[in-house]
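Next up, protein29.cif (mmCIF, N, CA and C atoms):
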data_query
loop_
_atom_site.label_atom_id
_atom_site.label_comp_id
_atom_site.auth_asym_id
_atom_site.auth_seq_id
_atom_site.Cartn_x
_atom_site.Cartn_y
_atom_site.Cartn_z
N MET A 1 113.25 70.87 13.36
CA MET A 1 113.38 69.43 13.58
C MET A 1 114.65 68.94 12.93
N THR A 2 115.45 68.16 13.61
CA THR A 2 116.68 67.64 13.05
C THR A 2 116.39 66.41 12.20
N GLU A 3 117.20 66.25 11.19
CA GLU A 3 117.05 65.10 10.30
C GLU A 3 117.58 63.85 10.98
N PRO A 4 116.97 62.69 10.71
CA PRO A 4 117.48 61.44 11.27
C PRO A 4 118.85 61.11 10.69
N ALA A 5 119.57 60.26 11.38
CA ALA A 5 120.93 59.91 10.96
C ALA A 5 120.95 59.08 9.68
N GLY A 6 119.86 58.38 9.38
CA GLY A 6 119.82 57.49 8.21
C GLY A 6 119.56 58.24 6.91
N ARG A 7 119.30 57.47 5.89
CA ARG A 7 119.03 57.99 4.57
C ARG A 7 117.65 58.67 4.55
N VAL A 8 117.53 59.78 3.86
CA VAL A 8 116.26 60.49 3.74
C VAL A 8 115.74 60.28 2.32
N LEU A 9 114.54 59.73 2.21
CA LEU A 9 113.91 59.52 0.91
C LEU A 9 112.91 60.64 0.65
N GLY A 10 112.86 61.12 -0.56
CA GLY A 10 111.87 62.12 -0.94
C GLY A 10 110.85 61.48 -1.86
N LEU A 11 109.59 61.65 -1.53
CA LEU A 11 108.51 61.10 -2.35
C LEU A 11 107.62 62.24 -2.82
N ARG A 12 107.13 62.15 -4.02
CA ARG A 12 106.16 63.11 -4.52
C ARG A 12 104.92 62.32 -4.92
N ILE A 13 103.80 62.70 -4.36
CA ILE A 13 102.54 62.02 -4.64
C ILE A 13 101.52 63.08 -5.05
N VAL A 14 100.93 62.92 -6.21
CA VAL A 14 99.91 63.85 -6.66
C VAL A 14 98.61 63.51 -5.95
N VAL A 15 98.05 64.50 -5.27
CA VAL A 15 96.78 64.35 -4.57
C VAL A 15 95.87 65.45 -5.10
N ASP A 16 94.81 65.07 -5.80
CA ASP A 16 93.96 66.04 -6.48
C ASP A 16 92.84 66.61 -5.62
N SER A 17 92.60 66.02 -4.45
CA SER A 17 91.49 66.51 -3.63
C SER A 17 91.68 66.11 -2.18
N ALA A 18 90.89 66.73 -1.32
CA ALA A 18 90.90 66.36 0.09
C ALA A 18 90.45 64.91 0.27
N GLU A 19 89.57 64.46 -0.60
CA GLU A 19 89.10 63.07 -0.51
C GLU A 19 90.23 62.09 -0.82
N GLU A 20 91.06 62.42 -1.81
CA GLU A 20 92.19 61.55 -2.12
C GLU A 20 93.20 61.54 -0.97
N LEU A 21 93.45 62.70 -0.39
CA LEU A 21 94.36 62.76 0.76
C LEU A 21 93.82 61.93 1.91
N SER A 22 92.53 62.03 2.15
CA SER A 22 91.90 61.25 3.21
C SER A 22 91.99 59.74 2.92
N ALA A 23 91.79 59.37 1.66
CA ALA A 23 91.88 57.96 1.27
C ALA A 23 93.30 57.43 1.45
N LEU A 24 94.28 58.24 1.10
CA LEU A 24 95.68 57.83 1.27
C LEU A 24 96.01 57.64 2.74
N ARG A 25 95.61 58.60 3.55
CA ARG A 25 95.85 58.50 4.99
C ARG A 25 95.15 57.26 5.56
N GLY A 26 93.91 57.03 5.13
CA GLY A 26 93.16 55.86 5.60
C GLY A 26 93.82 54.55 5.20
N ALA A 27 94.36 54.50 4.00
CA ALA A 27 95.05 53.29 3.55
C ALA A 27 96.28 53.01 4.41
N LEU A 28 97.03 54.07 4.71
CA LEU A 28 98.22 53.90 5.55
C LEU A 28 97.84 53.51 6.97
N LEU A 29 96.79 54.13 7.50
CA LEU A 29 96.34 53.77 8.85
C LEU A 29 95.83 52.33 8.88
N GLY A 30 95.16 51.89 7.81
CA GLY A 30 94.70 50.51 7.74
C GLY A 30 95.87 49.52 7.72
N ALA A 31 96.89 49.86 6.95
CA ALA A 31 98.08 49.00 6.91
C ALA A 31 98.75 48.95 8.28
N ARG A 32 98.80 50.10 8.96
CA ARG A 32 99.39 50.16 10.30
C ARG A 32 98.58 49.31 11.27
N ALA A 33 97.26 49.38 11.19
CA ALA A 33 96.40 48.59 12.08
C ALA A 33 96.60 47.10 11.84
N THR A 34 96.78 46.71 10.60
CA THR A 34 97.02 45.30 10.27
C THR A 34 98.33 44.83 10.89
N GLU A 35 99.38 45.63 10.76
CA GLU A 35 100.67 45.27 11.35
C GLU A 35 100.55 45.17 12.87
N LEU A 36 99.87 46.14 13.48
CA LEU A 36 99.71 46.14 14.93
C LEU A 36 98.94 44.92 15.40
N ALA A 37 97.88 44.55 14.69
CA ALA A 37 97.10 43.37 15.06
C ALA A 37 97.96 42.11 14.98
N GLU A 38 98.78 42.02 13.96
CA GLU A 38 99.65 40.85 13.81
C GLU A 38 100.70 40.82 14.92
N ILE A 39 101.23 41.97 15.28
CA ILE A 39 102.19 42.04 16.40
C ILE A 39 101.53 41.54 17.67
N GLN A 40 100.32 42.01 17.94
CA GLN A 40 99.60 41.60 19.15
C GLN A 40 99.29 40.10 19.14
N ARG A 41 98.89 39.58 17.98
CA ARG A 41 98.57 38.15 17.88
C ARG A 41 99.81 37.30 18.16
N ARG A 42 100.91 37.66 17.52
CA ARG A 42 102.13 36.88 17.71
C ARG A 42 102.71 37.06 19.11
N SER A 43 102.58 38.25 19.66
CA SER A 43 103.04 38.50 21.02
C SER A 43 102.28 37.62 22.01
N SER A 44 100.99 37.49 21.79
CA SER A 44 100.17 36.63 22.65
C SER A 44 100.63 35.18 22.55
N ARG A 45 100.89 34.73 21.35
CA ARG A 45 101.36 33.35 21.16
C ARG A 45 102.69 33.14 21.87
N LEU A 46 103.58 34.13 21.76
CA LEU A 46 104.89 34.01 22.42
C LEU A 46 104.74 34.01 23.93
N SER A 47 103.89 34.89 24.45
CA SER A 47 103.77 34.99 25.91
C SER A 47 103.10 33.76 26.52
N HIS A 48 102.33 33.04 25.70
CA HIS A 48 101.68 31.82 26.20
C HIS A 48 102.51 30.57 25.91
N GLY A 49 103.69 30.76 25.31
CA GLY A 49 104.62 29.65 25.12
C GLY A 49 104.24 28.67 24.03
N TYR A 50 103.48 29.11 23.03
CA TYR A 50 103.11 28.21 21.94
C TYR A 50 104.32 27.84 21.10
N GLY A 51 104.32 26.63 20.59
CA GLY A 51 105.32 26.19 19.64
C GLY A 51 106.61 25.70 20.27
N THR A 52 107.45 25.17 19.39
CA THR A 52 108.76 24.68 19.79
C THR A 52 109.71 25.86 19.98
N ASP A 53 110.88 25.57 20.49
CA ASP A 53 111.89 26.62 20.64
C ASP A 53 112.20 27.26 19.28
N ALA A 54 112.34 26.44 18.26
CA ALA A 54 112.64 26.95 16.92
C ALA A 54 111.50 27.82 16.40
N ALA A 55 110.27 27.41 16.64
CA ALA A 55 109.11 28.19 16.20
C ALA A 55 109.04 29.52 16.93
N ARG A 56 109.34 29.50 18.22
CA ARG A 56 109.33 30.76 18.99
C ARG A 56 110.44 31.69 18.52
N GLU A 57 111.59 31.12 18.18
CA GLU A 57 112.68 31.94 17.66
C GLU A 57 112.29 32.58 16.33
N ALA A 58 111.64 31.82 15.47
CA ALA A 58 111.16 32.36 14.19
C ALA A 58 110.11 33.44 14.43
N MET A 59 109.21 33.23 15.41
CA MET A 59 108.19 34.23 15.72
C MET A 59 108.84 35.51 16.23
N THR A 60 109.91 35.37 17.01
CA THR A 60 110.62 36.54 17.52
C THR A 60 111.22 37.35 16.38
N THR A 61 111.80 36.65 15.42
CA THR A 61 112.36 37.31 14.24
C THR A 61 111.24 38.01 13.45
N ASP A 62 110.11 37.33 13.29
CA ASP A 62 108.97 37.93 12.60
C ASP A 62 108.45 39.15 13.35
N MET A 63 108.44 39.09 14.67
CA MET A 63 107.98 40.22 15.48
C MET A 63 108.87 41.44 15.24
N GLU A 64 110.16 41.23 15.17
CA GLU A 64 111.09 42.34 14.91
C GLU A 64 110.79 42.97 13.55
N ARG A 65 110.55 42.13 12.55
CA ARG A 65 110.23 42.61 11.21
C ARG A 65 108.92 43.38 11.20
N LEU A 66 107.91 42.84 11.90
CA LEU A 66 106.61 43.52 11.97
C LEU A 66 106.71 44.86 12.70
N ARG A 67 107.48 44.90 13.77
CA ARG A 67 107.65 46.17 14.49
C ARG A 67 108.35 47.21 13.63
N LEU A 68 109.32 46.77 12.84
CA LEU A 68 110.00 47.68 11.93
C LEU A 68 109.03 48.21 10.88
N ARG A 69 108.20 47.34 10.32
CA ARG A 69 107.21 47.76 9.33
C ARG A 69 106.24 48.77 9.93
N LYS A 70 105.80 48.54 11.18
CA LYS A 70 104.90 49.47 11.85
C LYS A 70 105.59 50.81 12.08
N THR A 71 106.84 50.77 12.50
CA THR A 71 107.60 51.99 12.71
C THR A 71 107.71 52.80 11.42
N MET A 72 107.98 52.12 10.32
CA MET A 72 108.11 52.82 9.04
C MET A 72 106.76 53.40 8.60
N LEU A 73 105.67 52.68 8.84
CA LEU A 73 104.35 53.23 8.54
C LEU A 73 104.05 54.44 9.41
N ASP A 74 104.44 54.39 10.68
CA ASP A 74 104.27 55.55 11.57
C ASP A 74 105.00 56.77 11.02
N ARG A 75 106.22 56.57 10.55
CA ARG A 75 106.99 57.67 9.99
C ARG A 75 106.34 58.22 8.73
N LEU A 76 105.87 57.32 7.88
CA LEU A 76 105.23 57.73 6.63
C LEU A 76 103.96 58.52 6.91
N ILE A 77 103.16 58.06 7.85
CA ILE A 77 101.93 58.77 8.23
C ILE A 77 102.26 60.15 8.79
N ALA A 78 103.26 60.23 9.65
CA ALA A 78 103.66 61.52 10.23
C ALA A 78 104.12 62.49 9.15
N GLU A 79 104.89 62.01 8.20
CA GLU A 79 105.36 62.87 7.11
C GLU A 79 104.20 63.30 6.21
N LEU A 80 103.26 62.41 5.97
CA LEU A 80 102.09 62.75 5.17
C LEU A 80 101.30 63.87 5.85
N GLU A 81 101.09 63.73 7.14
CA GLU A 81 100.33 64.73 7.89
C GLU A 81 101.07 66.07 7.91
N ALA A 82 102.39 66.04 8.07
CA ALA A 82 103.17 67.28 8.06
C ALA A 82 103.11 67.94 6.68
N ALA A 83 103.22 67.15 5.63
CA ALA A 83 103.16 67.70 4.27
C ALA A 83 101.77 68.28 3.99
N ALA A 84 100.73 67.63 4.48
CA ALA A 84 99.37 68.11 4.27
C ALA A 84 99.17 69.45 4.98
N ARG A 85 99.71 69.58 6.20
CA ARG A 85 99.61 70.86 6.93
C ARG A 85 100.35 71.95 6.21
N HIS A 86 101.51 71.62 5.66
CA HIS A 86 102.36 72.58 4.97
C HIS A 86 101.69 73.05 3.66
N ALA A 87 100.94 72.17 3.03
CA ALA A 87 100.32 72.48 1.73
C ALA A 87 99.07 73.34 1.87
N GLU A 88 98.53 73.44 3.08
CA GLU A 88 97.28 74.21 3.28
C GLU A 88 97.49 75.70 3.13
#

Take the structure in the file and write it out as structure tokens.
Amino acid sequence: MTEPAGRVLGLRIVVDSAEELSALRGALLGARATELAEIQRRSSRLSHGYGTDAAREAMTTDMERLRLRKTMLDRLIAELEAAARHAE
């Protein structure tokens, strides 16, 4: 797998058991679900034309931020799963 063009961060997390690994994965998946729900809620508001032009512009900016957060959580979850497979 080729490395992404951006900066690569290395994290070390002590996980003492399969239960802790499962809890960590669950926490990340929960955070991802929260971001996704907020994206869907705001997308619905935008598609139905709620708010003023300024409010819709702010919602669009927020949507971009939320999508970026979801993308970063997706990457973190993928790396966690790859590290867990490698550690077995």

Worksheet entry | Expansion of the PyMOL selection byres (((chain A and resi 33 and name CA) around 12) and name CA) into residues, as JSON, numbers by chain | {"A": [26, 27, 28, 29, 30, 31, 32, 34, 35, 36, 37, 38, 39, 40, 66, 67, 69, 70, 71, 73, 74]}

File of the preceding selection, N, CA and C atoms, as a short mmCIF file (atom, residue, chain, number, x, y, z; two decimals), in the coordinates of the input:
data_model
loop_
_atom_site.label_atom_id
_atom_site.label_comp_id
_atom_site.auth_asym_id
_atom_site.auth_seq_id
_atom_site.Cartn_x
_atom_site.Cartn_y
_atom_site.Cartn_z
N GLY A 26 93.91 57.03 5.13
CA GLY A 26 93.16 55.86 5.60
C GLY A 26 93.82 54.55 5.20
N ALA A 27 94.36 54.50 4.00
CA ALA A 27 95.05 53.29 3.55
C ALA A 27 96.28 53.01 4.41
N LEU A 28 97.03 54.07 4.71
CA LEU A 28 98.22 53.90 5.55
C LEU A 28 97.84 53.51 6.97
N LEU A 29 96.79 54.13 7.50
CA LEU A 29 96.34 53.77 8.85
C LEU A 29 95.83 52.33 8.88
N GLY A 30 95.16 51.89 7.81
CA GLY A 30 94.70 50.51 7.74
C GLY A 30 95.87 49.52 7.72
N ALA A 31 96.89 49.86 6.95
CA ALA A 31 98.08 49.00 6.91
C ALA A 31 98.75 48.95 8.28
N ARG A 32 98.80 50.10 8.96
CA ARG A 32 99.39 50.16 10.30
C ARG A 32 98.58 49.31 11.27
N THR A 34 96.78 46.71 10.60
CA THR A 34 97.02 45.30 10.27
C THR A 34 98.33 44.83 10.89
N GLU A 35 99.38 45.63 10.76
CA GLU A 35 100.67 45.27 11.35
C GLU A 35 100.55 45.17 12.87
N LEU A 36 99.87 46.14 13.48
CA LEU A 36 99.71 46.14 14.93
C LEU A 36 98.94 44.92 15.40
N ALA A 37 97.88 44.55 14.69
CA ALA A 37 97.10 43.37 15.06
C ALA A 37 97.96 42.11 14.98
N GLU A 38 98.78 42.02 13.96
CA GLU A 38 99.65 40.85 13.81
C GLU A 38 100.70 40.82 14.92
N ILE A 39 101.23 41.97 15.28
CA ILE A 39 102.19 42.04 16.40
C ILE A 39 101.53 41.54 17.67
N GLN A 40 100.32 42.01 17.94
CA GLN A 40 99.60 41.60 19.15
C GLN A 40 99.29 40.10 19.14
N LEU A 66 107.91 42.84 11.90
CA LEU A 66 106.61 43.52 11.97
C LEU A 66 106.71 44.86 12.70
N ARG A 67 107.48 44.90 13.77
CA ARG A 67 107.65 46.17 14.49
C ARG A 67 108.35 47.21 13.63
N ARG A 69 108.20 47.34 10.32
CA ARG A 69 107.21 47.76 9.33
C ARG A 69 106.24 48.77 9.93
N LYS A 70 105.80 48.54 11.18
CA LYS A 70 104.90 49.47 11.85
C LYS A 70 105.59 50.81 12.08
N THR A 71 106.84 50.77 12.50
CA THR A 71 107.60 51.99 12.71
C THR A 71 107.71 52.80 11.42
N LEU A 73 105.67 52.68 8.84
CA LEU A 73 104.35 53.23 8.54
C LEU A 73 104.05 54.44 9.41
N ASP A 74 104.44 54.39 10.68
CA ASP A 74 104.27 55.55 11.57
C ASP A 74 105.00 56.77 11.02
#

Please determine an axis-aligned box that encloses all atoms of segment 14-27 of chain A listed in the file, with 6 Å added on each side, and express its centre and edge lengths in Å to one decimal as lines of an AutoDock Vina configuration file.
center_x = 95.0
center_y = 59.9
center_z = -0.5
size_x = 23.8
size_y = 25.7
size_z = 24.3

Practice prompt. Step by step, work through what the PyMOL selection byres (((chain A and resi 83 and name CA) around 12) and name CA) selects in the shown file, and finish by giving those residues as a ChimeraX atom specification.
Written response: /A:10-13,15,21,25,76-82,84-88

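Atom to atom, atom C of Arg41 of chain A and atom CA of Leu24 of chain A stand 26.9 Å apart.
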
Item to complete: Go ahead and compute the interatomic distance for atom CA of Ala58 of chain A and atom CA of Arg42 of chain A, in Å to one decimal.
Response: 10.7 Å

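Interatomic distance, atom CA of Glu57 of chain A against atom CA of Ser43 of chain A: 12.1 Å.
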
Worksheet item: Would you give me, as a count of residues only, the residues in chain A that DSSP reads as helix (DSSP H, G or I)?
Response: 65
